Each structure stands twice: as C-alpha cells, then as structure tokens.
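Source file: run_28.cif; contents: mmCIF, C-alpha atoms.
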```cif
data_data
#
loop_
_atom_site.label_atom_id
_atom_site.label_comp_id
_atom_site.auth_asym_id
_atom_site.auth_seq_id
_atom_site.Cartn_x
_atom_site.Cartn_y
_atom_site.Cartn_z
CA MET G 1 0.00 0.00 0.00
CA SER G 2 1.43 3.36 -0.99
CA LYS G 3 2.70 5.68 1.71
CA LEU G 4 1.39 9.15 2.37
CA HIS G 5 3.20 12.23 1.18
CA GLY G 6 3.24 15.02 3.73
CA TYR G 7 3.38 18.75 2.98
CA ARG G 8 6.38 21.04 3.26
CA ARG G 9 6.36 23.85 5.76
CA PHE G 10 5.79 27.25 4.17
CA HIS G 11 8.78 29.10 2.75
CA PRO G 12 9.68 31.82 5.29
CA GLY G 13 8.07 35.18 4.66
CA THR G 14 5.18 33.97 2.56
CA GLN G 15 2.62 34.04 5.37
CA PRO G 16 1.61 36.82 7.78
CA GLU G 17 2.25 36.74 11.52
CA TYR G 18 -0.79 36.45 13.79
CA ASP G 19 0.24 39.50 15.80
CA PHE G 20 0.53 42.38 13.34
CA PRO G 21 0.04 45.76 15.06
CA PHE G 22 -0.59 47.67 11.80
CA TYR G 23 -3.84 45.67 11.58
CA ALA G 24 -5.39 46.76 14.87
CA SER G 25 -7.90 43.91 15.21
CA THR G 26 -5.11 41.35 15.51
CA ALA G 27 -4.29 42.70 19.02
CA LYS G 28 -7.00 40.75 20.86
CA ARG G 29 -7.35 37.95 18.34
CA HIS G 30 -3.90 36.41 18.02
CA PRO G 31 -2.67 33.47 20.10
CA THR G 32 -0.09 34.57 22.67
CA GLN G 33 1.30 31.07 23.26
CA PRO G 34 3.46 29.43 20.59
CA LEU G 35 1.66 27.00 18.29
CA VAL G 36 2.38 23.36 19.11
CA ILE G 37 4.07 21.68 16.17
CA VAL G 38 2.70 18.18 15.64
CA PRO G 39 3.18 15.55 12.92
CA GLN G 40 0.90 15.43 9.90
CA THR G 41 -1.44 12.45 10.04
CA LEU G 42 -4.30 11.11 7.95
CA SER G 43 -6.48 13.72 9.71
CA GLU G 44 -4.58 16.59 8.10
CA LEU G 45 -3.67 14.89 4.79
CA THR G 46 -7.31 14.34 3.91
CA GLY G 47 -9.98 17.00 3.52
CA PRO G 48 -13.45 17.64 2.16
CA VAL G 49 -14.20 16.80 -1.45
CA PHE G 50 -16.73 18.83 -3.42
CA GLY G 51 -18.37 18.11 -6.75
CA THR G 52 -20.58 19.62 -9.42
CA ASP G 53 -23.65 18.62 -7.37
CA ASP G 54 -22.65 21.29 -4.87
CA LEU G 55 -22.88 24.08 -7.46
CA LYS G 56 -25.45 25.89 -9.60
CA PRO G 57 -24.79 27.03 -13.20
CA THR G 58 -24.68 30.76 -12.35
CA ASP G 59 -22.40 30.31 -9.33
CA ASN G 60 -19.33 31.39 -11.32
CA ASP G 61 -21.01 34.35 -13.03
CA LEU G 62 -21.72 37.08 -10.48
CA THR G 63 -23.28 39.25 -13.20
CA ARG G 64 -26.14 36.79 -13.88
CA GLN G 65 -27.48 36.06 -10.43
CA HIS G 66 -30.33 38.60 -10.60
CA LYS G 67 -32.86 39.90 -13.11
CA GLY G 68 -30.84 42.92 -14.15
CA ASP G 69 -27.18 43.66 -14.80
CA PRO G 70 -25.09 44.83 -11.86
CA ILE G 71 -23.62 48.33 -12.07
CA GLY G 72 -19.91 48.45 -12.73
CA GLU G 73 -17.13 47.39 -15.00
CA ARG G 74 -17.52 43.75 -16.06
CA ILE G 75 -14.34 41.73 -15.56
CA ILE G 76 -13.20 38.16 -16.02
CA VAL G 77 -11.02 36.77 -13.26
CA SER G 78 -9.33 33.53 -14.16
CA GLY G 79 -6.21 31.58 -13.36
CA ARG G 80 -4.88 28.33 -12.06
CA VAL G 81 -4.68 26.76 -8.65
CA LEU G 82 -1.25 25.18 -8.25
CA ASP G 83 0.84 23.88 -5.40
CA GLU G 84 4.32 25.08 -4.46
CA ASN G 85 5.76 22.40 -6.75
CA GLY G 86 3.89 23.90 -9.70
CA ARG G 87 1.44 20.99 -9.90
CA PRO G 88 -2.15 21.91 -10.81
CA MET G 89 -4.88 21.29 -8.24
CA PRO G 90 -7.78 19.75 -10.16
CA HIS G 91 -11.46 19.73 -9.14
CA THR G 92 -10.99 21.84 -6.05
CA LEU G 93 -13.55 24.29 -4.71
CA VAL G 94 -12.89 28.03 -5.12
CA GLU G 95 -15.21 30.48 -3.32
CA VAL G 96 -15.17 34.25 -3.81
CA TRP G 97 -16.89 37.26 -2.27
CA GLN G 98 -16.51 40.98 -2.84
CA ALA G 99 -17.96 44.48 -2.54
CA ASN G 100 -20.06 45.98 -5.32
CA ALA G 101 -18.73 48.60 -7.74
CA ALA G 102 -19.36 51.37 -5.18
CA GLY G 103 -17.41 49.58 -2.44
CA ARG G 104 -20.43 48.33 -0.51
CA TYR G 105 -21.09 44.82 0.74
CA PRO G 106 -24.65 43.50 0.99
CA HIS G 107 -24.09 42.76 4.68
CA LYS G 108 -25.91 44.08 7.75
CA ASN G 109 -22.64 45.18 9.35
CA ASP G 110 -21.53 47.28 6.38
CA THR G 111 -22.66 50.82 7.17
CA HIS G 112 -20.53 52.58 4.55
CA ASP G 113 -22.58 55.30 2.89
CA ALA G 114 -22.35 53.95 -0.65
CA PRO G 115 -25.23 52.63 -2.77
CA MET G 116 -26.35 49.02 -2.67
CA ASP G 117 -26.87 47.24 -5.96
CA PRO G 118 -29.99 45.05 -6.04
CA ASN G 119 -28.51 43.13 -8.95
CA PHE G 120 -25.31 42.14 -7.22
CA SER G 121 -24.88 39.71 -4.33
CA GLY G 122 -21.10 39.57 -4.55
CA ALA G 123 -20.61 35.84 -3.99
CA GLY G 124 -19.54 33.05 -6.30
CA ARG G 125 -17.95 29.63 -6.39
CA THR G 126 -16.62 27.14 -8.87
CA LEU G 127 -14.54 24.01 -9.17
CA THR G 128 -11.19 24.00 -10.94
CA ASP G 129 -10.99 21.83 -14.06
CA ALA G 130 -8.63 18.90 -14.59
CA GLU G 131 -5.71 21.32 -15.14
CA GLY G 132 -6.49 23.42 -12.08
CA ARG G 133 -8.07 26.29 -14.04
CA TYR G 134 -10.96 28.39 -12.76
CA ARG G 135 -12.88 31.36 -14.18
CA PHE G 136 -15.32 33.91 -12.77
CA ILE G 137 -17.27 36.68 -14.45
CA THR G 138 -17.92 39.58 -12.09
CA ILE G 139 -17.64 43.35 -11.79
CA ARG G 140 -14.65 45.26 -10.51
CA PRO G 141 -15.16 45.88 -6.77
CA GLY G 142 -14.85 49.39 -5.36
CA GLU G 143 -12.46 50.57 -2.66
CA TYR G 144 -14.02 51.40 0.70
CA PRO G 145 -13.10 53.11 3.96
CA TRP G 146 -12.57 51.30 7.24
CA ARG G 147 -11.57 52.35 10.72
CA ASN G 148 -8.23 50.66 11.20
CA HIS G 149 -6.34 53.97 11.20
CA TYR G 150 -6.94 57.57 10.17
CA ASN G 151 -8.13 57.85 6.55
CA ALA G 152 -7.88 54.11 6.01
CA TRP G 153 -9.19 52.68 2.72
CA ARG G 154 -9.08 49.10 1.59
CA PRO G 155 -7.67 48.62 -1.90
CA ALA G 156 -10.07 46.97 -4.35
CA HIS G 157 -10.02 43.25 -3.64
CA ILE G 158 -11.83 39.96 -4.05
CA HIS G 159 -11.83 37.43 -1.21
CA PHE G 160 -10.84 33.90 -2.23
CA SER G 161 -11.36 30.71 -0.23
CA LEU G 162 -9.79 27.42 -1.34
CA PHE G 163 -9.58 23.87 -0.04
CA GLY G 164 -6.93 22.08 -2.11
CA SER G 165 -6.33 18.40 -1.55
CA ALA G 166 -6.13 18.24 2.24
CA PHE G 167 -7.42 19.96 5.38
CA LEU G 168 -3.99 21.54 5.85
CA THR G 169 -3.96 23.09 2.36
CA ARG G 170 -6.98 25.24 3.24
CA LEU G 171 -6.37 28.87 2.26
CA VAL G 172 -8.34 32.08 2.54
CA THR G 173 -6.72 35.00 0.75
CA GLN G 174 -7.52 38.19 -1.16
CA MET G 175 -6.85 39.17 -4.76
CA TYR G 176 -5.78 42.72 -5.51
CA PHE G 177 -5.62 44.73 -8.75
CA PRO G 178 -2.47 45.88 -10.55
CA GLY G 179 -1.36 49.46 -9.98
CA ASP G 180 -3.66 50.09 -7.01
CA PRO G 181 -2.20 53.11 -5.19
CA LEU G 182 -3.75 51.98 -1.89
CA LEU G 183 -1.69 48.80 -1.62
CA PRO G 184 1.29 50.20 0.33
CA TYR G 185 -1.15 51.74 2.86
CA ASP G 186 -3.03 48.48 3.43
CA PRO G 187 -2.23 46.40 6.53
CA MET G 188 -3.67 43.22 5.04
CA TYR G 189 -1.55 43.39 1.92
CA MET G 190 1.51 44.59 3.83
CA SER G 191 1.18 41.72 6.33
CA ILE G 192 2.94 39.38 3.88
CA PRO G 193 6.62 39.92 4.79
CA ASN G 194 8.33 38.71 1.60
CA GLU G 195 7.83 41.14 -1.26
CA LYS G 196 7.79 38.46 -3.96
CA ALA G 197 5.17 36.54 -2.03
CA ARG G 198 3.19 39.75 -1.48
CA VAL G 199 3.13 40.54 -5.19
CA ARG G 200 1.62 37.09 -5.81
CA LEU G 201 -1.63 38.49 -4.37
CA ILE G 202 -1.87 41.09 -7.15
CA SER G 203 -3.69 39.93 -10.28
CA GLN G 204 -2.31 40.83 -13.69
CA PHE G 205 -4.16 42.43 -16.55
CA ASP G 206 -4.88 39.59 -18.95
CA TRP G 207 -5.29 40.78 -22.53
CA GLU G 208 -5.66 37.25 -23.85
CA ASN G 209 -8.69 36.58 -21.70
CA THR G 210 -10.17 40.02 -22.29
CA ILE G 211 -13.33 39.79 -24.38
CA PRO G 212 -13.61 42.53 -27.04
CA GLU G 213 -16.44 45.01 -26.39
CA GLN G 214 -17.37 43.14 -23.22
CA ALA G 215 -15.01 42.58 -20.29
CA LEU G 216 -11.41 43.09 -19.16
CA GLY G 217 -9.51 40.02 -18.05
CA TYR G 218 -7.44 39.64 -14.91
CA ARG G 219 -5.24 36.65 -14.22
CA PHE G 220 -4.79 35.41 -10.69
CA ASP G 221 -2.91 32.19 -9.97
CA ILE G 222 -3.16 30.78 -6.47
CA VAL G 223 -0.43 28.63 -4.94
CA LEU G 224 -1.24 26.21 -2.11
CA ARG G 225 1.13 24.23 0.13
CA GLY G 226 3.20 21.69 -1.79
CA ARG G 227 4.03 18.13 -0.93
CA GLU G 228 7.36 16.80 0.23
CA ALA G 229 9.34 15.04 -2.49
CA THR G 230 9.57 11.81 -0.49
CA PRO G 231 6.84 10.01 1.44
CA MET G 232 6.77 10.12 5.21
CA ASP G 233 8.94 7.19 6.43
CA ASP G 234 6.62 6.17 9.18
CA SER G 235 3.35 6.97 7.48
CA PRO G 236 0.56 4.49 7.94
CA GLY G 237 0.84 2.40 4.79
CA GLU G 238 -2.83 1.78 4.92
CA MET P 1 9.73 23.99 -9.81
CA SER P 2 9.28 25.99 -6.66
CA LEU P 3 6.61 28.66 -6.32
CA TYR P 4 5.97 31.12 -3.53
CA ALA P 5 2.78 30.08 -1.76
CA SER P 6 -0.08 32.57 -1.83
CA GLY P 7 -0.19 34.44 1.46
CA SER P 8 -3.14 34.00 3.76
CA GLN P 9 -5.41 37.00 4.34
CA THR P 10 -8.21 37.55 6.82
CA VAL P 11 -11.78 36.58 5.96
CA GLY P 12 -12.72 40.09 7.10
CA PRO P 13 -16.04 41.15 8.62
CA TYR P 14 -18.20 40.21 5.63
CA LEU P 15 -17.19 36.55 5.40
CA HIS P 16 -20.81 35.42 5.52
CA ILE P 17 -21.46 36.76 2.02
CA GLY P 18 -19.21 34.18 0.44
CA LEU P 19 -19.23 31.35 2.92
CA THR P 20 -22.75 30.93 4.35
CA TRP P 21 -24.01 28.81 1.45
CA LEU P 22 -21.95 25.90 2.79
CA ASN P 23 -22.95 26.22 6.45
CA THR P 24 -23.33 22.73 7.85
CA ALA P 25 -24.46 22.59 11.45
CA ARG P 26 -25.42 18.91 11.10
CA ILE P 27 -22.37 17.04 9.92
CA ALA P 28 -23.87 13.55 9.97
CA GLY P 29 -27.33 12.84 8.58
CA PRO P 30 -29.65 10.14 9.94
CA ALA P 31 -28.16 7.44 7.70
CA VAL P 32 -24.72 7.83 9.27
CA LYS P 33 -23.89 5.32 12.01
CA GLY P 34 -22.42 6.33 15.33
CA GLU P 35 -22.97 7.94 18.70
CA ARG P 36 -24.80 11.24 18.24
CA VAL P 37 -23.25 14.24 19.89
CA ALA P 38 -23.88 17.99 19.86
CA ILE P 39 -20.94 20.28 20.49
CA GLN P 40 -21.47 23.83 21.61
CA GLY P 41 -19.13 26.55 22.70
CA ARG P 42 -18.00 30.10 22.41
CA LEU P 43 -15.20 31.79 20.51
CA VAL P 44 -13.74 34.49 22.79
CA ASP P 45 -11.11 37.16 22.22
CA GLY P 46 -8.40 38.54 24.53
CA ASP P 47 -10.96 40.67 26.39
CA GLY P 48 -13.18 37.67 27.04
CA ALA P 49 -15.71 39.04 24.56
CA GLY P 50 -17.50 36.74 22.15
CA VAL P 51 -16.31 36.94 18.54
CA SER P 52 -19.43 37.63 16.48
CA ASP P 53 -17.73 37.48 13.09
CA GLY P 54 -16.00 34.13 13.34
CA LEU P 55 -16.38 30.81 11.61
CA ILE P 56 -15.16 27.32 12.40
CA GLU P 57 -14.72 24.43 10.03
CA ILE P 58 -14.73 20.80 11.14
CA TRP P 59 -13.18 17.78 9.46
CA GLN P 60 -13.75 14.31 10.80
CA ALA P 61 -13.83 10.59 10.10
CA ASN P 62 -16.94 8.43 10.42
CA ALA P 63 -17.59 6.10 13.35
CA GLU P 64 -15.35 3.43 11.82
CA GLY P 65 -12.48 5.89 11.62
CA LYS P 66 -12.60 6.41 7.85
CA TYR P 67 -12.28 9.76 6.09
CA ALA P 68 -14.33 10.51 2.96
CA HIS P 69 -11.21 11.22 0.93
CA PRO P 70 -9.32 9.23 -1.74
CA GLU P 71 -6.08 9.21 0.26
CA ASP P 72 -7.73 7.30 3.08
CA ARG P 73 -7.13 3.78 1.75
CA GLN P 74 -8.18 1.92 4.88
CA LYS P 75 -10.49 -1.00 4.25
CA LYS P 76 -13.36 0.39 6.28
CA GLY P 77 -16.93 1.23 5.36
CA LEU P 78 -18.10 4.70 4.41
CA GLU P 79 -21.74 5.80 4.30
CA ARG P 80 -22.96 7.38 1.08
CA GLY P 81 -23.45 11.08 1.58
CA PHE P 82 -21.09 11.36 4.53
CA ARG P 83 -18.64 14.14 3.76
CA GLY P 84 -17.31 14.72 7.27
CA PHE P 85 -17.15 18.47 6.82
CA GLY P 86 -18.84 21.16 8.87
CA ARG P 87 -18.86 24.94 8.56
CA ILE P 88 -20.38 26.77 11.50
CA PRO P 89 -20.46 30.56 11.97
CA THR P 90 -20.48 32.15 15.41
CA ASP P 91 -23.59 34.09 16.40
CA ALA P 92 -23.83 37.66 17.73
CA LYS P 93 -22.51 36.50 21.12
CA GLY P 94 -19.70 34.37 19.72
CA ASN P 95 -21.53 31.09 20.30
CA PHE P 96 -21.47 28.15 17.92
CA ARG P 97 -23.17 24.76 17.94
CA PHE P 98 -23.17 21.73 15.68
CA SER P 99 -24.21 18.11 15.79
CA THR P 100 -22.38 15.09 14.48
CA ILE P 101 -21.34 11.56 15.34
CA LYS P 102 -18.31 10.70 17.44
CA PRO P 103 -15.61 9.61 14.98
CA GLY P 104 -13.72 6.34 15.27
CA ARG P 105 -9.98 6.09 15.76
CA VAL P 106 -7.79 6.90 12.78
CA PRO P 107 -4.14 5.97 12.34
CA GLY P 108 -1.39 8.41 13.17
CA ARG P 109 2.29 8.18 12.33
CA GLY P 110 3.70 4.68 12.38
CA GLY P 111 0.17 3.29 12.18
CA LYS P 112 -0.47 3.96 15.89
CA LEU P 113 -4.12 4.76 16.43
CA GLN P 114 -5.08 8.26 17.51
CA ALA P 115 -7.82 9.00 20.02
CA PRO P 116 -11.15 10.08 18.48
CA HIS P 117 -10.96 13.73 17.50
CA LEU P 118 -12.35 16.41 15.23
CA SER P 119 -10.00 18.69 13.31
CA VAL P 120 -10.97 22.34 13.61
CA THR P 121 -9.99 25.41 11.59
CA VAL P 122 -10.84 28.87 12.90
CA PHE P 123 -11.40 31.99 10.79
CA MET P 124 -12.39 35.52 11.82
CA ARG P 125 -11.88 39.19 11.20
CA GLY P 126 -8.61 40.18 12.86
CA LEU P 127 -7.03 36.83 12.10
CA LEU P 128 -4.61 37.04 9.17
CA LYS P 129 -4.25 33.28 8.81
CA GLN P 130 -6.40 30.43 10.02
CA LEU P 131 -5.83 28.72 13.35
CA SER P 132 -5.87 24.93 13.59
CA THR P 133 -6.82 22.89 16.61
CA ARG P 134 -8.58 19.66 17.61
CA VAL P 135 -11.47 18.60 19.81
CA TYR P 136 -11.06 15.38 21.78
CA PHE P 137 -13.78 13.58 23.73
CA PRO P 138 -14.10 13.42 27.52
CA GLY P 139 -13.69 10.17 29.41
CA GLU P 140 -11.90 8.56 26.48
CA SER P 141 -9.17 6.22 27.67
CA ALA P 142 -7.28 6.57 24.36
CA ASN P 143 -6.62 10.26 25.11
CA ALA P 144 -3.77 9.34 27.46
CA GLN P 145 -1.82 7.71 24.63
CA ASP P 146 -2.79 10.05 21.81
CA PRO P 147 0.38 11.00 19.89
CA VAL P 148 -0.77 14.59 19.27
CA LEU P 149 -2.11 15.27 22.79
CA LYS P 150 1.15 13.93 24.22
CA LEU P 151 3.06 16.70 22.44
CA VAL P 152 0.94 19.36 24.16
CA PRO P 153 2.29 20.58 27.52
CA ALA P 154 0.25 18.74 30.16
CA PRO P 155 -1.27 21.82 31.86
CA ARG P 156 -2.74 22.97 28.55
CA ARG P 157 -4.13 19.63 27.28
CA ALA P 158 -7.53 20.21 28.83
CA THR P 159 -8.17 23.02 26.33
CA LEU P 160 -8.45 20.37 23.60
CA ILE P 161 -10.87 18.08 25.44
CA ALA P 162 -14.58 18.87 25.39
CA ARG P 163 -16.54 18.76 28.66
CA ARG P 164 -19.75 16.83 29.16
CA LYS P 165 -22.59 19.32 29.55
CA SER P 166 -25.60 17.01 29.52
CA LYS P 167 -26.54 13.74 27.86
CA GLY P 168 -25.30 13.91 24.26
CA VAL P 169 -24.12 17.50 24.60
CA LEU P 170 -20.49 18.55 24.93
CA GLU P 171 -19.06 21.97 25.57
CA TRP P 172 -15.82 23.16 24.00
CA ASN P 173 -14.71 26.78 23.90
CA ILE P 174 -12.10 28.45 21.74
CA VAL P 175 -10.16 30.98 23.81
CA LEU P 176 -7.77 33.15 21.82
CA GLN P 177 -5.73 34.63 24.67
CA GLY P 178 -5.26 34.46 28.42
CA LYS P 179 -5.21 31.86 31.16
CA ASP P 180 -7.28 29.25 29.33
CA GLU P 181 -5.88 30.00 25.90
CA THR P 182 -6.72 27.14 23.54
CA VAL P 183 -3.80 25.15 22.20
CA PHE P 184 -3.42 25.80 18.49
CA LEU P 185 -1.56 23.33 16.35
CA ASP P 186 0.92 23.74 13.52
CA PHE P 187 1.26 20.84 11.10
#
```
The structure in this file should be written as structure tokens.
Amino acid sequence: MSKLHGYRRFHPGTQPEYDFPFYASTAKRHPTQPLVIVPQTLSELTGPVFGTDDLKPTDNDLTRQHKGDPIGERIIVSGRVLDENGRPMPHTLVEVWQANAAGRYPHKNDTHDAPMDPNFSGAGRTLTDAEGRYRFITIRPGEYPWRNHYNAWRPAHIHFSLFGSAFLTRLVTQMYFPGDPLLPYDPMYMSIPNEKARVRLISQFDWENTIPEQALGYRFDIVLRGREATPMDDSPGE
Amino acid sequence: MSLYASGSQTVGPYLHIGLTWLNTARIAGPAVKGERVAIQGRLVDGDGAGVSDGLIEIWQANAEGKYAHPEDRQKKGLERGFRGFGRIPTDAKGNFRFSTIKPGRVPGRGGKLQAPHLSVTVFMRGLLKQLSTRVYFPGESANAQDPVLKLVPAPRRATLIARRKSKGVLEWNIVLQGKDETVFLDF
C-alpha cells in the first residue's frame, strides 16, 4: 500500500504573523502562546471533497445572479490553482466574495454610505478543471473606507477561499488589482513579509482573456502548500 | 519547480457573504452510524468578549475511523453522503453549535491509532491566517496515549478536550488569549 506524502512547511516570509500591530484587530485575536508543532497524520492529509452537485450554473457568473445587470465594469477573473511544486490542483472548490462597484457589501454590518446594488450579491464559487483552471465573471469591486487607522481605505479586492487536496492546504486569501495606489497603505496586503510573495496576491491584466467590447480580463494564480518530495517514512501504509 | 505560496489573508467582517451557502451545522445525517453528539461553545477574544464574526470548520472521520477522501485507503466502510465536513459561523454572542457523530480512531504516524478527535480550523476578522486545533472527547481512555495530545504541555491539554454538559451534549470553547488559551496546532 502506498505511503502518504506530507506537505512542506511554508517558505519563510510567505505568510503573515498572527500579531501584526498595523492591523489593529489582531491585538485581541492572536494566540499569545506558541503554536504546538505536531506531525501530519491522515487527519490533516485528507480534507473535504466537493463536486458539481454542490454548485449551480450561475455560481461562477456574479453578473447573472439577478434579473438585471449589476452596475460596474464587467471583468473576467481567471487563473490556475497550483501547489508550491507547480502541480495543478484539479477539481478543487474556489469560493469568492466581494464588494459591489461602489465599495459596498450586501451585509448588515456594512454601514458605509455607498449605494447598494440590487442586482449584485457579490458571492460566487466554482470548481477547478482537470488542469487546475478556474474562471469567474464579475464586476470590478470598489475601494471602501474602514476604521483601522486615520483615513484608512481598503484597496479593491476579491476574497478567495480554497480547499486544495487536504485539510492543511486550506487557504483564505484576497486578490488585488495591478497598480492600485492603496496597496502600500493596506495592513492586510503589507502583512505578507516577503515582497515576492506579497506581489503574488496582485492579479495581472490579462489581454488574452479580455473579451472585445465586453469585459477586461485579470489573471490570478493561487499557490497552495506543496508536498514533500519523499513520502513520510513512518506513514501508515494503509 | 518551486513557487511562492499565496499568502493567507483575513476573511474580514463580511465573510458570511461568500461562505454561508456551505454552512453545515449537522455534519452527519440520519443514515450515518455512530454515537450522536452535539458540540457547543464560544469563541472568545483577549478581552473575554464573544467573537461575532468568526467561523469554524470541522473535518472528521466516520464512526469506523474512515475519512471521505481518496487518500484514506483503509479498508473500512463509508456511508454514502457522509462528507465529514462542517462549517459553523459564530452568532452575535460568539456562540457556535453543531451536531455530528463521534468519529472512530484513525491511524497516526507509524500506524499507531489516535484517540477520536475532530480537526478544527478557525477563521475571523482580525485573524490574518487560520488557526488549527482539535477537539477530543471526555472520558476517552485513548486520550492518554494520543500521539498529538502527548506533544501538548500537560497543563494545557484540557483546552483540547470537550466537557460533558448534559446527555449527548459537549461543551468546548475556543479561547484566543489568556489563562485558558486554547492550544493551536501547527502541522
């Protein structure tokens, strides 16, 4: 019976610290004791599996979930889900959520004085194909103010949630847009220490996936934890 | 090939917009075998206040100790429709509750069996990357030999073991800071 392949620890600098004073809400919400490092077992190397039965046809088109068209600039966000070894992650669930074009979320806690859009719910999901590709049609989200610090504005972003092949490959991240002047002022974006890793969260304008007369394309590849090259020596063979 | 991993980012305060569709407060339907159990608790911050914009995800094996995943190659039965996944948001007071079946024992490293447990991932505004932990069951003799629990400093182990509240109901809180700070795991 084949042995299990564990996952490498993250390359230093690619992930934020829990305690990050620039993002004020981390103060009371980060663990103060060190995490306890434990071996990876079947419990972490497995994870939920989703299929087409979990999805509806309009789940990946956020512009077609209501009677009318949402206000805003139509965009196509597409890319691949890979692991750190460059291997595609097929048939994995990708969930997204975002503000409307005016920077307003349809959420009871969002009190920002910007218009709601009755034709935009701001949520989508899809499964990657056999080569790890995904694609959403949506509108470009607006920037919005928040109260982290004086004159704080979030850069335009789309929230992404991914599962990958195991419970320990779970990732929630955010996609940003190229050239956004708010990025260096944003604690979330700046929480990624390594600059090359940080830039990975910025999508790229994608002329090849831009549809003439219809929608600009943005490419956003997502990289999940990669497996070790060799199987765990003492893994349960079965 | 070696790629930089995408950095984790917080779910933010509006997580419900994208994630609620998959809320699963009942992890095991009536066709799934096993001892029924409800688990309830509270997610609390460093001030002892309930976290109203949090979410936990659960991953577990069935009562035979089998995960619904292709890499679990154990020759054990698996009920149709059992996914073993739960997604439970906290309410306005930081409380959460879900029902499931107590999982069986699954192998750890070297094939040694682990004590029954649920894997838990925690998300919330103010948390830049998810926290991982486990829930173990009270009065379970296997806990004493569990290879993961044994790595946790003894005075803190109790934070990973649910308490019996009433028949079929367990209580397990997630405490982010302070005296009873929950043990979070790094795999």
Mind giving me the straight-line distance from atom CA of G:Gln98 to atom CA of G:Glu195 in Å, one decimal?
24.4 Å
Any chance you could work out the residue set of the PyMOL selection byres ((chain G) within 7 of (chain P)) here, as a VMD selection string?
chain G and resid 14 to 16 18 25 to 26 28 to 32 35 to 42 46 to 49 84 to 86 95 to 97 107 123 to 124 171 to 174 188 192 197 to 198 200 to 201 222 to 225 234 to 236 238
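One finds atom CA of G:Thr126 at 13.1 Å from atom CA of G:Met89.
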Picked residues, the PyMOL selection byres ((chain P and resi 38) around 9), as a PDB file with C-alpha atoms, keeping the file's coordinate frame:
```
ATOM      1  CA  ARG P  26     -25.420  18.910  11.100  1.00  0.00           C
ATOM      2  CA  ARG P  36     -24.800  11.240  18.240  1.00  0.00           C
ATOM      3  CA  VAL P  37     -23.250  14.240  19.890  1.00  0.00           C
ATOM      4  CA  ILE P  39     -20.940  20.280  20.490  1.00  0.00           C
ATOM      5  CA  GLN P  40     -21.470  23.830  21.610  1.00  0.00           C
ATOM      6  CA  ARG P  97     -23.170  24.760  17.940  1.00  0.00           C
ATOM      7  CA  PHE P  98     -23.170  21.730  15.680  1.00  0.00           C
ATOM      8  CA  SER P  99     -24.210  18.110  15.790  1.00  0.00           C
ATOM      9  CA  THR P 100     -22.380  15.090  14.480  1.00  0.00           C
ATOM     10  CA  ILE P 101     -21.340  11.560  15.340  1.00  0.00           C
ATOM     11  CA  GLY P 168     -25.300  13.910  24.260  1.00  0.00           C
ATOM     12  CA  VAL P 169     -24.120  17.500  24.600  1.00  0.00           C
ATOM     13  CA  LEU P 170     -20.490  18.550  24.930  1.00  0.00           C
ATOM     14  CA  GLU P 171     -19.060  21.970  25.570  1.00  0.00           C
TER      15      GLU P 171
END
```
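The coordinates place atom CA of G:Thr169 at 24.4 Å from atom CA of P:Asn173.
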